[in-house]
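Below: work16.csv (CSV, C-alpha atoms and all ligand atoms)
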chain,number,residue,atom,x,y,z
A,1,MET,CA,13.1,-16.4,57.9
A,2,ALA,CA,15.4,-14.7,55.4
A,3,ALA,CA,19.0,-16.1,55.3
A,4,ALA,CA,21.6,-14.1,57.1
A,5,ILE,CA,25.0,-13.4,55.6
A,6,PRO,CA,27.7,-15.6,57.1
A,7,PRO,CA,30.7,-13.6,58.3
A,8,ALA,CA,32.9,-15.2,55.6
A,9,LEU,CA,32.2,-17.0,52.3
A,10,VAL,CA,34.2,-19.7,50.7
A,11,VAL,CA,35.7,-19.3,47.2
A,12,ASP,CA,34.0,-22.1,45.2
A,13,GLU,CA,35.5,-21.4,41.8
A,14,VAL,CA,37.8,-19.0,40.0
A,15,HIS,CA,37.9,-18.9,36.3
A,16,ALA,CA,38.7,-16.6,33.3
A,17,ALA,CA,35.5,-14.8,32.2
A,18,ALA,CA,37.4,-12.9,29.4
A,19,GLU,CA,40.9,-11.7,28.8
A,20,GLY,CA,42.1,-10.1,32.0
A,21,VAL,CA,38.8,-10.8,33.8
A,22,ARG,CA,38.3,-13.5,36.5
A,23,ALA,CA,34.9,-14.6,37.7
A,24,VAL,CA,34.8,-15.7,41.3
A,25,THR,CA,32.0,-17.8,42.7
A,26,LEU,CA,31.4,-17.7,46.5
A,27,ARG,CA,29.3,-20.0,48.7
A,28,ALA,CA,28.4,-20.3,52.4
A,29,PRO,CA,30.9,-22.5,54.4
A,30,ASP,CA,28.0,-24.9,55.2
A,31,GLY,CA,26.6,-24.8,51.7
A,32,GLY,CA,23.4,-23.2,52.9
A,33,ALA,CA,21.3,-20.5,51.4
A,34,LEU,CA,22.7,-16.9,51.1
A,35,PRO,CA,20.6,-13.7,51.5
A,36,ALA,CA,18.7,-12.8,48.4
A,37,TRP,CA,20.0,-9.8,46.5
A,38,PRO,CA,18.3,-7.4,44.1
A,39,PRO,CA,19.9,-7.1,40.6
A,40,GLY,CA,22.3,-4.2,40.6
A,41,ALA,CA,23.6,-5.0,44.2
A,42,HIS,CA,27.2,-5.2,45.1
A,43,LEU,CA,29.1,-7.0,47.8
A,44,ASP,CA,31.7,-5.6,50.2
A,45,VAL,CA,34.6,-8.0,50.2
A,46,GLU,CA,37.6,-8.0,52.6
A,47,LEU,CA,40.6,-9.6,50.9
A,48,PRO,CA,43.2,-11.5,52.9
A,49,ASN,CA,45.6,-8.6,52.2
A,50,TRP,CA,43.3,-6.4,54.3
A,51,LEU,CA,41.9,-4.5,51.4
A,52,ARG,CA,38.2,-3.9,51.3
A,53,ARG,CA,36.6,-3.7,47.8
A,54,GLN,CA,33.1,-3.6,46.4
A,55,TYR,CA,32.2,-5.9,43.5
A,56,SER,CA,28.9,-6.1,41.7
A,57,LEU,CA,27.0,-9.3,42.0
A,58,CYS,CA,26.7,-10.6,38.4
A,59,GLY,CA,25.4,-14.1,38.8
A,60,ASP,CA,21.9,-15.4,38.9
A,61,PRO,CA,19.8,-13.7,41.6
A,62,GLY,CA,17.6,-16.8,41.5
A,63,ASP,CA,20.4,-19.0,42.7
A,64,PRO,CA,20.3,-18.8,46.6
A,65,TYR,CA,23.5,-20.8,47.0
A,66,ARG,CA,26.0,-18.9,45.1
A,67,TYR,CA,27.2,-15.3,44.5
A,68,ARG,CA,29.3,-14.5,41.5
A,69,ILE,CA,31.6,-11.5,41.1
A,70,ALA,CA,34.0,-10.7,38.3
A,71,VAL,CA,37.2,-8.7,38.6
A,72,LYS,CA,39.3,-7.1,35.9
A,73,HIS,CA,43.1,-7.1,36.3
A,74,GLU,CA,43.8,-3.4,36.5
A,75,GLU,CA,47.1,-2.1,35.2
A,76,LEU,CA,47.2,0.4,38.0
A,77,SER,CA,45.8,-2.0,40.6
A,78,ARG,CA,45.6,-0.6,44.1
A,79,GLY,CA,46.1,-4.2,45.3
A,80,GLY,CA,42.5,-5.7,45.0
A,81,SER,CA,42.5,-7.0,41.5
A,82,GLU,CA,46.2,-7.9,41.7
A,83,TYR,CA,45.4,-10.2,44.7
A,84,ILE,CA,42.4,-11.8,43.0
A,85,HIS,CA,44.2,-12.5,39.8
A,86,LEU,CA,47.5,-13.7,41.2
A,87,PHE,CA,46.6,-15.4,44.5
A,88,LEU,CA,43.0,-16.1,45.0
A,89,ARG,CA,42.2,-19.9,45.0
A,90,PRO,CA,39.2,-22.1,45.6
A,91,GLY,CA,38.8,-22.8,49.3
A,92,THR,CA,39.9,-19.3,50.5
A,93,ARG,CA,37.6,-17.7,52.9
A,94,LEU,CA,36.7,-14.1,52.4
A,95,ARG,CA,34.9,-11.8,54.9
A,96,VAL,CA,32.0,-10.1,53.3
A,97,GLY,CA,29.2,-7.7,54.1
A,98,ALA,CA,25.5,-8.2,53.1
A,99,PRO,CA,24.7,-7.3,49.5
A,100,ARG,CA,23.7,-3.6,49.0
A,101,THR,CA,22.6,-1.6,46.1
A,102,THR,CA,22.8,2.0,45.1
A,103,PHE,CA,20.8,1.4,42.0
A,104,PRO,CA,17.0,1.7,42.0
A,105,GLU,CA,15.4,-1.6,43.1
A,106,ASP,CA,13.2,-1.4,40.0
A,107,THR,CA,13.4,0.0,36.5
A,108,PRO,CA,10.6,0.9,34.1
A,109,PRO,CA,10.0,-0.8,30.7
A,110,GLY,CA,12.3,0.4,28.0
A,111,THR,CA,15.3,1.2,30.2
A,112,LEU,CA,18.5,1.8,28.4
A,113,TYR,CA,21.5,0.1,29.9
A,114,ILE,CA,25.0,1.3,28.9
A,115,ALA,CA,28.1,-0.7,30.1
A,116,GLY,CA,31.8,-0.1,29.5
A,117,GLY,CA,34.1,-3.1,29.9
A,118,ILE,CA,33.9,-4.6,33.4
A,119,GLY,CA,31.0,-2.2,34.0
A,120,ILE,CA,28.8,-5.0,32.5
A,121,THR,CA,29.0,-6.7,36.0
A,122,ALA,CA,26.9,-3.9,37.5
A,123,VAL,CA,24.1,-3.9,34.9
A,124,LEU,CA,24.0,-7.6,33.7
A,125,ALA,CA,21.5,-8.9,36.3
A,126,MET,CA,19.2,-5.9,35.9
A,127,PHE,CA,19.2,-6.2,32.1
A,128,VAL,CA,18.5,-9.9,32.1
A,129,ARG,CA,15.7,-9.4,34.6
A,130,ASP,CA,14.1,-6.8,32.4
A,131,VAL,CA,14.4,-9.0,29.3
A,132,ARG,CA,12.8,-12.0,31.2
A,133,ARG,CA,9.9,-9.9,32.3
A,134,GLY,CA,9.2,-8.5,28.9
A,135,TYR,CA,10.3,-4.9,29.6
A,136,ALA,CA,12.1,-4.6,26.3
A,137,PRO,CA,15.3,-3.0,27.6
A,138,THR,CA,18.3,-2.1,25.4
A,139,LEU,CA,21.9,-2.8,26.3
A,140,LEU,CA,24.8,-0.8,24.7
A,141,TYR,CA,28.0,-2.7,25.7
A,142,ALA,CA,31.3,-1.1,24.7
A,143,GLY,CA,34.9,-2.4,25.1
A,144,ARG,CA,38.3,-2.6,23.5
A,145,SER,CA,37.8,-6.1,22.1
A,146,ARG,CA,35.2,-8.8,22.4
A,147,ALA,CA,37.9,-11.1,23.8
A,148,GLY,CA,38.1,-8.8,26.8
A,149,MET,CA,34.4,-8.2,27.3
A,150,PRO,CA,33.0,-10.7,29.9
A,151,PHE,CA,29.6,-12.4,29.7
A,152,LEU,CA,28.8,-11.7,26.0
A,153,ASP,CA,27.7,-15.3,25.8
A,154,GLU,CA,25.2,-14.8,28.7
A,155,LEU,CA,23.3,-12.0,27.0
A,156,PRO,CA,19.8,-13.2,26.0
A,157,GLY,CA,19.8,-14.0,22.3
A,158,ASP,CA,16.4,-12.3,21.7
A,159,ALA,CA,17.3,-9.1,23.5
A,160,ALA,CA,18.2,-5.7,22.0
A,161,VAL,CA,22.0,-5.6,22.4
A,162,VAL,CA,24.5,-3.4,20.6
A,163,VAL,CA,28.2,-4.5,21.1
A,164,ALA,CA,30.7,-1.9,20.2
A,165,ALA,CA,34.3,-3.3,20.2
A,166,SER,CA,36.7,-0.6,19.3
A,167,ASP,CA,39.2,-3.0,17.7
A,168,GLU,CA,36.4,-3.7,15.2
A,169,GLY,CA,36.1,0.1,14.6
A,170,ARG,CA,32.8,0.3,16.4
A,171,ARG,CA,32.0,3.0,19.0
A,172,LEU,CA,28.8,4.0,20.7
A,173,ASP,CA,27.2,7.0,19.2
A,174,LEU,CA,25.5,8.3,22.4
A,175,PRO,CA,24.1,11.6,20.9
A,176,ALA,CA,22.4,9.7,18.1
A,177,ARG,CA,21.0,7.2,20.6
A,178,ALA,CA,19.7,10.1,22.7
A,179,ARG,CA,17.9,11.6,19.6
A,180,SER,CA,16.0,8.4,19.0
A,181,LEU,CA,15.3,7.4,22.6
A,182,PRO,CA,11.7,8.0,23.7
A,183,ASP,CA,11.0,10.8,26.2
A,184,ARG,CA,11.1,9.9,29.9
A,185,SER,CA,13.3,6.9,29.3
A,186,GLU,CA,15.6,5.9,32.2
A,187,ILE,CA,19.2,5.1,31.8
A,188,VAL,CA,21.4,2.9,33.9
A,189,THR,CA,25.2,2.9,33.3
A,190,CYS,CA,28.5,1.7,34.7
A,191,GLY,CA,31.9,2.0,33.1
A,192,PRO,CA,35.0,4.1,33.0
A,193,ALA,CA,34.8,7.8,34.1
A,194,ARG,CA,35.1,9.1,30.5
A,195,MET,CA,32.2,6.9,29.4
A,196,THR,CA,29.9,7.7,32.3
A,197,ALA,CA,30.6,11.5,31.8
A,198,ALA,CA,29.6,11.1,28.1
A,199,VAL,CA,26.4,9.3,29.2
A,200,GLU,CA,25.5,12.0,31.6
A,201,ALA,CA,26.2,14.7,28.9
A,202,ALA,CA,24.1,12.9,26.3
A,203,PHE,CA,21.1,11.9,28.5
A,204,GLY,CA,21.2,14.4,31.4
A,205,GLY,CA,18.6,16.8,29.9
A,206,GLU,CA,15.0,17.2,31.0
A,207,ARG,CA,13.6,15.0,28.2
A,208,PHE,CA,14.7,11.8,29.9
A,209,GLY,CA,14.0,10.2,33.3
A,210,ARG,CA,16.8,9.5,35.8
A,211,VAL,CA,20.3,8.6,34.8
A,212,HIS,CA,21.6,6.0,37.3
A,213,VAL,CA,25.4,5.9,37.4
A,214,GLU,CA,27.7,3.5,39.2
A,215,ARG,CA,31.3,4.5,39.2
A,216,PHE,CA,34.5,2.4,39.6
A,217,ARG,CA,36.4,5.3,41.2
A,218,ALA,CA,35.8,8.9,41.9
A,219,GLU,CA,37.3,11.3,39.4
A,220,PRO,CA,39.7,13.9,40.8
A,221,ARG,CA,37.6,16.9,41.9
A,222,SER,CA,38.4,20.0,43.9
A,223,PHE,CA,36.6,21.5,46.8
A,224,ALA,CA,36.9,24.5,49.0
A,225,ASP,CA,39.5,24.2,51.7
A,226,ASP,CA,38.7,21.9,54.6
A,227,ARG,CA,37.5,23.4,57.8
A,228,ALA,CA,37.5,21.8,61.2
A,229,PHE,CA,34.2,20.8,62.8
A,230,VAL,CA,32.8,18.7,65.6
A,231,ALA,CA,30.9,15.5,65.1
A,232,GLU,CA,28.5,14.7,68.0
A,233,CYS,CA,27.5,11.1,68.1
A,234,ALA,CA,24.0,11.1,69.5
A,235,ARG,CA,23.9,7.5,70.6
A,236,SER,CA,27.3,7.2,72.2
A,237,GLY,CA,27.5,10.8,73.4
A,238,LYS,CA,31.0,11.1,72.0
A,239,LYS,CA,32.2,14.4,70.6
A,240,VAL,CA,34.8,14.0,67.9
A,241,THR,CA,36.8,16.9,66.5
A,242,VAL,CA,37.5,16.6,62.8
A,243,PRO,CA,40.5,18.7,61.9
A,244,ALA,CA,41.2,20.1,58.4
A,245,GLY,CA,43.0,17.5,56.4
A,246,GLU,CA,41.4,14.5,58.2
A,247,THR,CA,38.3,12.8,57.0
A,248,LEU,CA,35.2,12.5,59.2
A,249,MET,CA,35.5,8.7,58.8
A,250,ASP,CA,39.1,8.6,60.1
A,251,ALA,CA,38.3,10.9,63.0
A,252,LEU,CA,35.3,8.6,64.0
A,253,LEU,CA,37.3,5.4,63.7
A,254,LYS,CA,40.2,6.9,65.8
A,255,GLU,CA,37.6,7.4,68.5
A,256,ASP,CA,36.3,3.8,68.1
A,257,VAL,CA,33.0,5.0,66.6
A,258,PRO,CA,32.2,2.2,64.2
A,259,VAL,CA,31.4,3.2,60.6
A,260,GLY,CA,31.5,1.0,57.5
A,261,ALA,CA,34.5,1.6,55.4
A,262,GLY,CA,34.7,0.6,51.7
A,263,CYS,CA,35.9,2.7,48.8
A,264,ARG,CA,36.8,5.8,50.9
A,265,GLU,CA,36.0,7.8,47.7
A,266,GLY,CA,32.3,8.5,48.1
A,267,VAL,CA,31.2,6.0,45.4
A,268,CYS,CA,30.2,2.8,47.2
A,269,GLY,CA,27.8,3.8,50.0
A,270,SER,CA,29.3,1.5,52.6
A,271,CYS,CA,29.8,4.3,55.2
A,272,GLU,CA,26.4,5.9,55.0
A,273,VAL,CA,25.3,7.5,58.3
A,274,GLY,CA,22.2,9.5,59.4
A,275,VAL,CA,22.5,13.2,60.2
A,276,LEU,CA,20.3,14.4,63.0
A,277,ASN,CA,21.3,18.1,63.1
A,278,GLY,CA,23.6,20.4,61.2
A,279,GLU,CA,24.3,20.7,57.5
A,280,PRO,CA,26.7,18.3,55.8
A,281,GLU,CA,28.9,19.4,52.9
A,282,HIS,CA,28.3,16.5,50.5
A,283,ARG,CA,31.4,15.5,48.5
A,284,ASP,CA,30.2,12.0,47.4
A,285,LEU,CA,29.2,10.9,44.0
A,286,LEU,CA,26.2,8.9,45.1
A,287,GLY,CA,23.9,11.8,45.8
A,288,ALA,CA,23.2,11.3,49.6
A,289,PRO,CA,19.5,11.0,50.5
A,290,GLU,CA,18.0,13.6,52.7
A,291,GLY,CA,19.3,13.3,56.2
A,292,ARG,CA,22.2,11.0,55.3
A,293,MET,CA,25.9,11.5,54.4
A,294,TYR,CA,29.0,9.6,53.5
A,295,PRO,CA,31.7,10.4,56.1
A,296,CYS,CA,34.6,9.0,54.0
A,297,VAL,CA,34.6,12.2,51.9
A,298,SER,CA,31.9,14.5,53.1
A,299,ARG,CA,32.4,17.1,55.8
A,300,SER,CA,30.3,19.8,57.5
A,301,VAL,CA,29.1,23.3,56.6
A,302,THR,CA,28.1,23.9,60.2
A,303,GLU,CA,30.5,24.0,63.1
A,304,THR,CA,28.8,21.0,64.6
A,305,LEU,CA,27.2,18.0,63.0
A,306,VAL,CA,25.0,15.6,65.0
A,307,LEU,CA,25.2,12.1,63.7
A,308,ASP,CA,23.0,9.0,64.4
A,309,LEU,CA,25.9,7.1,65.7
A,401,LIG,S1,33.4,4.2,52.0
A,401,LIG,FE1,32.5,4.2,50.0
A,401,LIG,S2,31.1,5.9,50.1
A,401,LIG,FE2,32.2,6.0,51.9
Starting from the file, lay out its structure as structure tokens.
Amino acid sequence: MAAAIPPALVVDEVHAAAEGVRAVTLRAPDGGALPAWPPGAHLDVELPNWLRRQYSLCGDPGDPYRYRIAVKHEELSRGGSEYIHLFLRPGTRLRVGAPRTTFPEDTPPGTLYIAGGIGITAVLAMFVRDVRRGYAPTLLYAGRSRAGMPFLDELPGDAAVVVAASDEGRRLDLPARARSLPDRSEIVTCGPARMTAAVEAAFGGERFGRVHVERFRAEPRSFADDRAFVAECARSGKKVTVPAGETLMDALLKEDVPVGAGCREGVCGSCEVGVLNGEPEHRDLLGAPEGRMYPCVSRSVTETLVLDL
């Protein structure tokens, strides 16, 4: 039987993975096996200061006893990285959710991975998997300096890796890379918003396959004015009015309708729910699958939305 995720994991180790980056290893309280995770997955972590954050699993998917995440100390921390850098110690218990992924579970040979800074945590396990199975992937890894770029020493020595540290005067030339990349190649990227926008601009044309993007945070965007609507919860029978200015998620939680809450910015996928009737107004950055939506940001085009809740 597959291992179930314990409600809390124990911090086994905290150490510096690069300047301003801490790697945190987690294990089950009883030392038992943890659920398997696909490369590219992330973990919802509830910190003792009540913040909930998503961190990519960047350890070895073949190790059933340990999960590893890595966290950059953000200058404009909203509390998550600050807590981990200043207060998190071995022995602390952290509530977690089961690993989830918004990346494809598989990637084709020749996939191009592009990571910016701490974005390496999202693509590292996928890249290493592809190298090990002979898929000849390429990794472009950019950062301000090598000292601040984690896991450089874990990249397979025989793999195609381009490291672009800007303090060495090296930057990624994405348009040039796009010109030389074979048709139908797929691209997987994670990094700061400016970088992921540049990746989408360079590789978003018809010549390439899919561009899979994982974002740290949603960029500021504007939408038409909010309109009120009613969410009908098919399973509980509750009807929840969602006024303008309040998110569907908040309205549901106020009425004790449980929904997963993570980033609240439409980038992590924790809050995904099924839509049985009505037309959602999608405002997420994940690209909701048909018949699904993310209530932390998305609303409704129709006056009523029937949800699988
Ligand atoms: S909470 Fe992250 S997508 Fe909704």
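If one restricts the calculation to all atoms listed in the file, the set of residues situated within 7 Å of ligand LIG 401 (chain A) consists of Gly260, Ala261, Gly262, Cys263, Arg264, Glu265, Gly266, Val267, Cys268, Gly269, Ser270, Cys271, Glu272, Asp284, Tyr294, Pro295, Cys296 and Val297 of chain A.
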Exercise. Out of A:Arg227, A:Arg93, A:Arg292, A:His212, which residue has the shortest atom-to-atom distance to Gly40 of chain A when counting only C-alpha atoms?
Worked result: A:His212
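Among A:Ala122, A:Glu200, A:Arg299, A:Glu279, the residue with the shortest atom-to-atom distance to Phe223 of chain A, counting only C-alpha atoms, is A:Arg299.
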Seminar exercise, completed: Min atom-atom distance to Glu46 of chain A from the set A:Pro90, A:Pro6, A:Gly97, A:Gly191, counting only C-alpha atoms, belongs to A:Gly97
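Across the model, the gap from atom CA of Pro182 of chain A to atom CA of Arg144 of chain A is 28.6 Å.
With only C-alpha atoms taken into account, every residue lying no more than 9 Å from the file point (21.8, 20.5, 60.1) is included here: Val275, Leu276, Asn277, Gly278, Glu279, Pro280, Gly291, Ser300, Val301, Thr302, Thr304, Leu305 and Val306 of chain A.
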Exercise. Of the candidates A:Ala28, A:Val14, A:Met249, A:Ala164, which one gets nearest to Leu94 of chain A if we count all atoms listed in the file?
Worked result: A:Ala28
For this session: With a distance cut-off of 6 Å and only C-alpha atoms, select the neighbouring residues of Arg68 of chain A, excluding the residue or stretch itself and same-chain residues fewer than 2 positions from it, and output the selection as JSON, numbers by chain.
Result: {"A": [24, 25, 57, 58, 59]}
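Atom CA of Ala125 of chain A sits 14.6 Å away from atom CA of Ala23 of chain A.
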For this session: For each of A:Gly169, A:Gly237, A:Gly110, A:Pro35, take the minimum atom-to-atom distance to Asp130 of chain A, counting all atoms listed in the file, then give the residue where this is smallest.
Result: A:Gly110
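With all atoms listed in the file as the atoms that count, the minimum distance from Cys190 of chain A to the choices A:Leu112, A:Ala224, A:Ala159, A:Ala165 is reached by A:Leu112.
Here atom CA of Leu88 of chain A stands at a distance of 21.2 Å from atom CA of Met149 of chain A.
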Six-sided padding of 6 Å per side, axis-aligned box over segment 161-172 of chain A, centre and edges in Å, one decimal, as JSON:
{"center_x": 30.6, "center_y": -0.8, "center_z": 18.5, "size_x": 29.2, "size_y": 21.6, "size_z": 19.8}
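Excluding Ser185 of chain A and any residue on its chain fewer than 2 positions from it, the residues at most 10 Å away by only C-alpha atoms are Thr107, Pro108, Pro109, Gly110, Thr111, Leu112, Ala178, Leu181, Pro182, Asp183, Ile187, Phe203, Arg207, Phe208, Gly209, Arg210 and Val211 of chain A.
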Would you kindly return, as a PDB file with C-alpha atoms, keeping the file's coordinate frame, each protein, DNA or RNA residue with an atom no farther than 12 Å from any atom of Lys72 of chain A, considering all atoms listed in the file and excluding same-chain residues fewer than 3 positions away?
ATOM      1  CA  HIS A  15      37.900 -18.900  36.300  1.00  0.00           C
ATOM      2  CA  ALA A  16      38.700 -16.600  33.300  1.00  0.00           C
ATOM      3  CA  ALA A  17      35.500 -14.800  32.200  1.00  0.00           C
ATOM      4  CA  ALA A  18      37.400 -12.900  29.400  1.00  0.00           C
ATOM      5  CA  GLU A  19      40.900 -11.700  28.800  1.00  0.00           C
ATOM      6  CA  GLY A  20      42.100 -10.100  32.000  1.00  0.00           C
ATOM      7  CA  VAL A  21      38.800 -10.800  33.800  1.00  0.00           C
ATOM      8  CA  ARG A  22      38.300 -13.500  36.500  1.00  0.00           C
ATOM      9  CA  ALA A  23      34.900 -14.600  37.700  1.00  0.00           C
ATOM     10  CA  VAL A  24      34.800 -15.700  41.300  1.00  0.00           C
ATOM     11  CA  TYR A  55      32.200  -5.900  43.500  1.00  0.00           C
ATOM     12  CA  SER A  56      28.900  -6.100  41.700  1.00  0.00           C
ATOM     13  CA  ILE A  69      31.600 -11.500  41.100  1.00  0.00           C
ATOM     14  CA  GLU A  75      47.100  -2.100  35.200  1.00  0.00           C
ATOM     15  CA  LEU A  76      47.200   0.400  38.000  1.00  0.00           C
ATOM     16  CA  SER A  77      45.800  -2.000  40.600  1.00  0.00           C
ATOM     17  CA  GLY A  79      46.100  -4.200  45.300  1.00  0.00           C
ATOM     18  CA  GLY A  80      42.500  -5.700  45.000  1.00  0.00           C
ATOM     19  CA  SER A  81      42.500  -7.000  41.500  1.00  0.00           C
ATOM     20  CA  GLU A  82      46.200  -7.900  41.700  1.00  0.00           C
ATOM     21  CA  TYR A  83      45.400 -10.200  44.700  1.00  0.00           C
ATOM     22  CA  ILE A  84      42.400 -11.800  43.000  1.00  0.00           C
ATOM     23  CA  HIS A  85      44.200 -12.500  39.800  1.00  0.00           C
ATOM     24  CA  LEU A  86      47.500 -13.700  41.200  1.00  0.00           C
ATOM     25  CA  GLY A 117      34.100  -3.100  29.900  1.00  0.00           C
ATOM     26  CA  ILE A 118      33.900  -4.600  33.400  1.00  0.00           C
ATOM     27  CA  GLY A 119      31.000  -2.200  34.000  1.00  0.00           C
ATOM     28  CA  ILE A 120      28.800  -5.000  32.500  1.00  0.00           C
ATOM     29  CA  THR A 121      29.000  -6.700  36.000  1.00  0.00           C
ATOM     30  CA  GLY A 148      38.100  -8.800  26.800  1.00  0.00           C
ATOM     31  CA  MET A 149      34.400  -8.200  27.300  1.00  0.00           C
ATOM     32  CA  PRO A 150      33.000 -10.700  29.900  1.00  0.00           C
ATOM     33  CA  PHE A 216      34.500   2.400  39.600  1.00  0.00           C
TER      34      PHE A 216
END
Problem set entry | For Asp106 of chain A: contacts at 9 Å, all atoms listed in the file, fewer than 5 positions along chain excluded, given as a count of residues only | 3
